[in-house]
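Chemist: The structure's right below; bear with me while I get my questions together.
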Amino acid sequence: MRSFAKHLALGATLATLVAALLLPPVLHSFGAGYYVSTAGRVLVFAIAATSLNLVLGYGGMVSFGHAAFFGLGAYATGVLVSEGVLNGGVHLVATVALTALAALVIGAISLRTRGVYFIMITLAFGQMLFYLANSIKGYGGDEGLNIRARSLLVPGIDLKDANHFYYVALAVLAATLFGLHAFVRSRFGRAVVAIRDDELRAEALGFATYRMRLAVFVAAGAIAGIAGALSVNQQGYVSPNLLHWTQSGTLMVMVILGGVASLWGGVLGAAVLVLLQESLSAYTRHWEFWTGWVLLAVVLFARRGLAGWLARAGGSGR
Amino acid sequence: MSDAVVLLEAQQLSKRFGGVVASAGIDLQVRSGEIHALIGPNGAGKTTLVAQLAGQLAPDRGRIVFAGEDITRLSPHQRARRGLARSFQITRLFRSFDVRENVELALQAAGGARMTAGDTARRADEVLAEIGLADRATASIDALSHGEQRALEVGLALASRPRLLLLDEPMAGMGHDESKRMEALIRRLRVHATVLLIEHDVDAVFRLADRVSVLVSGQIIASGAPEAVRRDAGVIEAYLGEE
């Protein structure tokens, strides 16, 4: 039974991958090529939401400032591009270094607190970075920063092209999901989940809980930063609003909607929320009101989010 | 008592919470290889003392020496790595994992990075057999009875073969048969570990312990062989008499 469920999960994963690979040509053949960029937006948010799921779902750290790392990553790459540095490898290293450092400092302080205090202090740090981004006049200040060029990856790939961007983002998302999958099964990952279950017990048994939680916080911050770097490449624009706490809230809604502590939770949540926003905003300015009802239904009727509901429907248990 | 090597020593431990003095200069010596019981009425400060010994609470004053090393400033995980393990009065288990995985996590936490997967699995089997949960290895925590959860609670603490086990009321909330099983388990433990047993069940304590210390109002008022402590006038007045 167990191996059957395993095969089913593997089959579903492969089918999802094939569908994701075929999506752009299929959309084009239906004359709906415009939606390739929407799909790209889903992928960017899926990466960011997955990184939040790592820290929130598996790590048990309810970080309410996660968008700050997303925005910081977008600024790191955006500023480099606007200064004429176009090497994508440099962008990646700078983005990861900056967001990991920020997460290290913020996490080192925030992780000394618990519960509501942790939520509030991460929110406060996020807002500090939001105001910082607003006040940097040299790079757009509160109007945001427009970039004309894009990160140069390898010759032949142009991130201005929606199809190219889509496949690059898909590769990053696939790597993120694979990494999360491996993490959950690793000794380190199991220890992190044990710490989430009962930190006092885990530390009494010998786990260096503070350092382990901090490592997860930093990794999640860096992944969010990479999502931000993709975002500025897609939009050609980075706004301080990317760092705003409401953006952190949006990421959190995606995780809860999709499934806390489930591999696909961030992806499903991002897909549903972005698509709801796109489709509802065509009919009403109050799309968030209707989205709220969807969230309410999921929280009430699918307690492990959409991922949990799908797993039950597919008969593969947890 | 010729080889009465002191494994754990508390010196003048003091801890107050606002106006409440939980530890008022506690001196306690636990000798290597003994089962040392700590008894005392509710509110005597037993749990506060255990938390200071294991590192969850920092004392205001005083020193803790374990195996010759001053561990007063060490964190709980550093103490655990040195072989000082504890169980909890209120069961604390990892609910995302099954019984066997809980034991394996305990082994990993105590420094099992050097253990191979095979060693970990073998030792986990031993522990499960020892605590009587061998046939419950793949059960989820929520499926365990209260007594089984208590057995696993103690099992996590003893998994890595610590030098000193602090057992905080292991028989709390147990029925008669379960208590008997726990008593037998503690008796077997003494072969490889020193035990500091905090327990409310005075009868069990006097059957198990080599030495007994009595904590009343944050102070040790008597310490010695069970029969001597049982006859101690101060103990009878402060504690045993009222039972």
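In the structure tokens, the first chain shown is A, the next is B, and so on; residue numbers restart at 1 for each chain, and ligands run from 1 in the order shown.
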Using only C-alpha atoms and a distance of at most 6 Å, pull out the residues of chain B that contact chain A, as a PyMOL selection string.

Modeler: chain B and resi 76-77+80-81+94+106+109-110

Chemist: Grab the residues selected above and save them as a PDB file, in the first residue's frame with C-alpha atoms.

Modeler:
```pdb
ATOM      1  CA  PRO B  76      20.057  22.475  28.359  1.00  0.00           C
ATOM      2  CA  HIS B  77      21.367  20.957  25.126  1.00  0.00           C
ATOM      3  CA  ALA B  80      22.262  16.785  27.583  1.00  0.00           C
ATOM      4  CA  ARG B  81      25.321  16.256  25.406  1.00  0.00           C
ATOM      5  CA  PHE B  94       7.006  14.727  19.225  1.00  0.00           C
ATOM      6  CA  ALA B 106      16.211  11.327  21.064  1.00  0.00           C
ATOM      7  CA  ALA B 109      19.720  14.761  19.643  1.00  0.00           C
ATOM      8  CA  ALA B 110      22.065  13.330  22.214  1.00  0.00           C
TER       9      ALA B 110
END
```

Chemist: I'd like the contact shell of Glu34 in chain B - 12 Å cut-off, only C-alpha atoms, skipping same-chain residues fewer than 6 positions apart - returned as a VMD selection string.

Modeler: chain B and resid 1 3 to 8 163 to 165 186 to 187 189 to 197 208 to 212 224 to 225

Chemist: Let me make sure I understand: among A:Phe4, A:Phe301, A:Phe178, A:Tyr210, which one has the smallest atom-to-atom distance to Thr113 in chain A if we use only C-alpha atoms?

Modeler: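 Among A:Phe4, A:Phe301, A:Phe178, A:Tyr210, it is A:Tyr210 that comes nearest to Thr113 in chain A.
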
Chemist: Contacts of range 156-159 of chain A at 12 Å or less, counting only C-alpha atoms, minus same-chain residues fewer than 6 places along, as an NGL selection string?

Modeler: :A and (37 or 40 or 86 or 88 or 148-150 or 165-169 or 229-236)

Chemist: Give me, as a PDB file with C-alpha atoms, in the first residue's frame, the residues of range 57-267 of chain A that a backbone DSSP run labels strand (DSSP E).

Modeler:
```
ATOM      1  CA  LEU A 145      12.860  51.537  -9.198  1.00  0.00           C
ATOM      2  CA  ASN A 146      12.435  50.860 -12.918  1.00  0.00           C
ATOM      3  CA  TYR A 237      10.172  47.268 -11.649  1.00  0.00           C
ATOM      4  CA  VAL A 238      10.595  47.003  -7.909  1.00  0.00           C
TER       5      VAL A 238
END
```

Chemist: Quick one: pull the distance between CA of Gly89 in chain A and CA of Lys160 in chain A, Å, one decimal.

Modeler: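 If I compute the distance from CA of Gly89 in chain A to CA of Lys160 in chain A, I get 17.2 Å.
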
Chemist: Which distance in Å separates CA of Val299 in chain A and CA of Thr91 in chain B, to one decimal?

Modeler: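 Between CA of Val299 in chain A and CA of Thr91 in chain B the gap is 29.2 Å.
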
Chemist: Excluding range 216-222 of chain B and its own-chain neighbours fewer than 5 positions away, which residues fall within 8 Å of it when counting only C-alpha atoms? Please give them as a ChimeraX atom specification.

Modeler: /B:21-28,40-41,43-46,229,232,234-235,238-239

Chemist: Kindly save the residues from that selection, with N, CA and C atoms included, as an mmCIF file, in the first residue's frame.

Modeler:
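Output file part32.cif is given in full below:
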```cif
data_model
loop_
_atom_site.group_PDB
_atom_site.id
_atom_site.type_symbol
_atom_site.label_atom_id
_atom_site.label_comp_id
_atom_site.auth_asym_id
_atom_site.auth_seq_id
_atom_site.Cartn_x
_atom_site.Cartn_y
_atom_site.Cartn_z
ATOM 1 N N VAL B 21 10.049 32.461 47.117
ATOM 2 C CA VAL B 21 11.363 31.824 47.112
ATOM 3 C C VAL B 21 11.171 30.346 46.790
ATOM 4 N N ALA B 22 11.588 29.945 45.581
ATOM 5 C CA ALA B 22 11.390 28.556 45.167
ATOM 6 C C ALA B 22 12.564 27.684 45.593
ATOM 7 N N SER B 23 13.768 28.244 45.562
ATOM 8 C CA SER B 23 14.961 27.537 46.031
ATOM 9 C C SER B 23 15.687 28.463 46.988
ATOM 10 N N ALA B 24 15.836 28.028 48.218
ATOM 11 C CA ALA B 24 16.435 28.889 49.243
ATOM 12 C C ALA B 24 17.771 28.315 49.686
ATOM 13 N N GLY B 25 18.729 28.325 48.763
ATOM 14 C CA GLY B 25 20.051 27.813 49.107
ATOM 15 C C GLY B 25 20.081 26.310 49.222
ATOM 16 N N ILE B 26 19.826 25.612 48.110
ATOM 17 C CA ILE B 26 19.749 24.151 48.132
ATOM 18 C C ILE B 26 21.136 23.536 47.957
ATOM 19 N N ASP B 27 21.483 22.656 48.857
ATOM 20 C CA ASP B 27 22.687 21.832 48.719
ATOM 21 C C ASP B 27 22.235 20.394 48.501
ATOM 22 N N LEU B 28 22.725 19.789 47.426
ATOM 23 C CA LEU B 28 22.288 18.421 47.138
ATOM 24 C C LEU B 28 23.440 17.675 46.472
ATOM 25 N N GLY B 40 8.879 15.808 48.565
ATOM 26 C CA GLY B 40 8.489 17.058 49.204
ATOM 27 C C GLY B 40 7.058 17.382 48.852
ATOM 28 N N PRO B 41 6.399 18.153 49.703
ATOM 29 C CA PRO B 41 4.999 18.477 49.439
ATOM 30 C C PRO B 41 4.843 19.350 48.190
ATOM 31 N N GLY B 43 4.482 22.370 45.874
ATOM 32 C CA GLY B 43 4.931 23.743 46.075
ATOM 33 C C GLY B 43 6.230 23.843 46.837
ATOM 34 N N ALA B 44 6.883 22.700 47.060
ATOM 35 C CA ALA B 44 8.152 22.737 47.793
ATOM 36 C C ALA B 44 9.286 23.264 46.928
ATOM 37 N N GLY B 45 9.080 23.240 45.615
ATOM 38 C CA GLY B 45 10.117 23.726 44.711
ATOM 39 C C GLY B 45 10.851 22.615 43.984
ATOM 40 N N LYS B 46 10.231 21.432 43.896
ATOM 41 C CA LYS B 46 10.880 20.291 43.249
ATOM 42 C C LYS B 46 11.084 20.547 41.755
ATOM 43 N N VAL B 229 15.494 8.761 57.037
ATOM 44 C CA VAL B 229 14.659 9.899 56.659
ATOM 45 C C VAL B 229 13.224 9.688 57.137
ATOM 46 N N ASP B 232 12.943 10.661 60.673
ATOM 47 C CA ASP B 232 13.380 12.014 61.011
ATOM 48 C C ASP B 232 12.201 12.849 61.510
ATOM 49 N N GLY B 234 11.809 16.041 61.950
ATOM 50 C CA GLY B 234 11.504 17.222 61.134
ATOM 51 C C GLY B 234 10.726 16.848 59.886
ATOM 52 N N VAL B 235 11.087 15.738 59.273
ATOM 53 C CA VAL B 235 10.407 15.288 58.057
ATOM 54 C C VAL B 235 8.969 14.894 58.364
ATOM 55 N N ALA B 238 6.970 18.039 58.916
ATOM 56 C CA ALA B 238 6.790 18.922 57.774
ATOM 57 C C ALA B 238 6.074 18.249 56.608
ATOM 58 N N TYR B 239 6.149 16.928 56.552
ATOM 59 C CA TYR B 239 5.721 16.312 55.304
ATOM 60 C C TYR B 239 4.991 14.995 55.496
#
```

Chemist: Just the number, please: distance in Å from CA of Ala100 in chain A to CA of Ala224 in chain A, one decimal.

Modeler: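 Result for CA of Ala100 in chain A versus CA of Ala224 in chain A: 9.7 Å, one decimal.
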
Chemist: Based on the backbone DSSP call, show me all residues of range 56-231 of chain B assigned helix (DSSP H, G or I), as JSON, numbers by chain.

Modeler: {"B": [76, 77, 78, 79, 80, 81, 99, 100, 101, 102, 103, 104, 105, 106, 107, 108, 109, 112, 113, 114, 117, 118, 119, 120, 121, 122, 123, 124, 125, 126, 127, 128, 129, 130, 134, 135, 136, 141, 142, 143, 146, 147, 148, 149, 150, 151, 152, 153, 154, 155, 156, 157, 158, 176, 177, 178, 179, 180, 181, 182, 183, 184, 185, 186, 187, 188, 189, 202, 203, 204, 205, 206, 207, 208, 226, 227, 228, 229, 230, 231]}

Chemist: Could you list, as a short mmCIF file (atom, residue, chain, number, x, y, z; two decimals) with C-alpha atoms, in the first residue's frame, every residue within 8 Å of Gly65 in chain A, counting only C-alpha atoms and ignoring same-chain residues fewer than 3 positions away?

Modeler:
```cif
data_model
loop_
_atom_site.label_atom_id
_atom_site.label_comp_id
_atom_site.auth_asym_id
_atom_site.auth_seq_id
_atom_site.Cartn_x
_atom_site.Cartn_y
_atom_site.Cartn_z
CA ALA A 68 10.99 41.96 3.47
CA PHE A 69 13.38 39.28 2.20
CA THR A 122 9.45 40.05 12.64
CA LEU A 123 6.65 42.39 11.54
CA ALA A 124 8.58 45.33 13.00
CA PHE A 125 11.82 44.38 11.23
CA GLY A 126 9.93 43.94 7.98
CA GLN A 127 8.39 47.40 8.31
CA TRP A 245 3.62 43.80 5.81
CA SER A 248 3.86 39.22 4.10
#
```

Chemist: For Ala133 in chain A, find every residue with an atom within 10 Å (counting only C-alpha atoms), except residues of its own chain fewer than 4 positions away, and show them as a list in words.

Modeler: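 Near Ala133 in chain A, the qualifying residues are Ala68, Gly71, Leu72, Tyr75, Gln127, Met128, Leu129, Lys137, Tyr139, Gly140, Gly141, Asp142, Glu143, Gly144, Ser239, Pro240, Asn241, Leu242, Leu243 and His244 of chain A.
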
Chemist: Can you pull out every residue within 12 Å of Ser179 in chain B, counting only C-alpha atoms, but drop anything in the same chain fewer than 2 positions away, and send it as a list in words?

Modeler: His146, Gly147, Glu148, Arg150, Ala151, Glu169, Pro170, Met171, Ala172, Gly173, Met174, Gly175, His176, Asp177, Arg181, Met182, Glu183, Ala184, Leu185, Ile186, Glu199, His200, Asp201, Asp203, Ala204 and Val205 of chain B

Chemist: Looking at only C-alpha atoms, which of B:Met115, B:Ile131, B:Leu167, B:Ile198 is the one that sits closest to Arg86 in chain B?

Modeler: B:Leu167
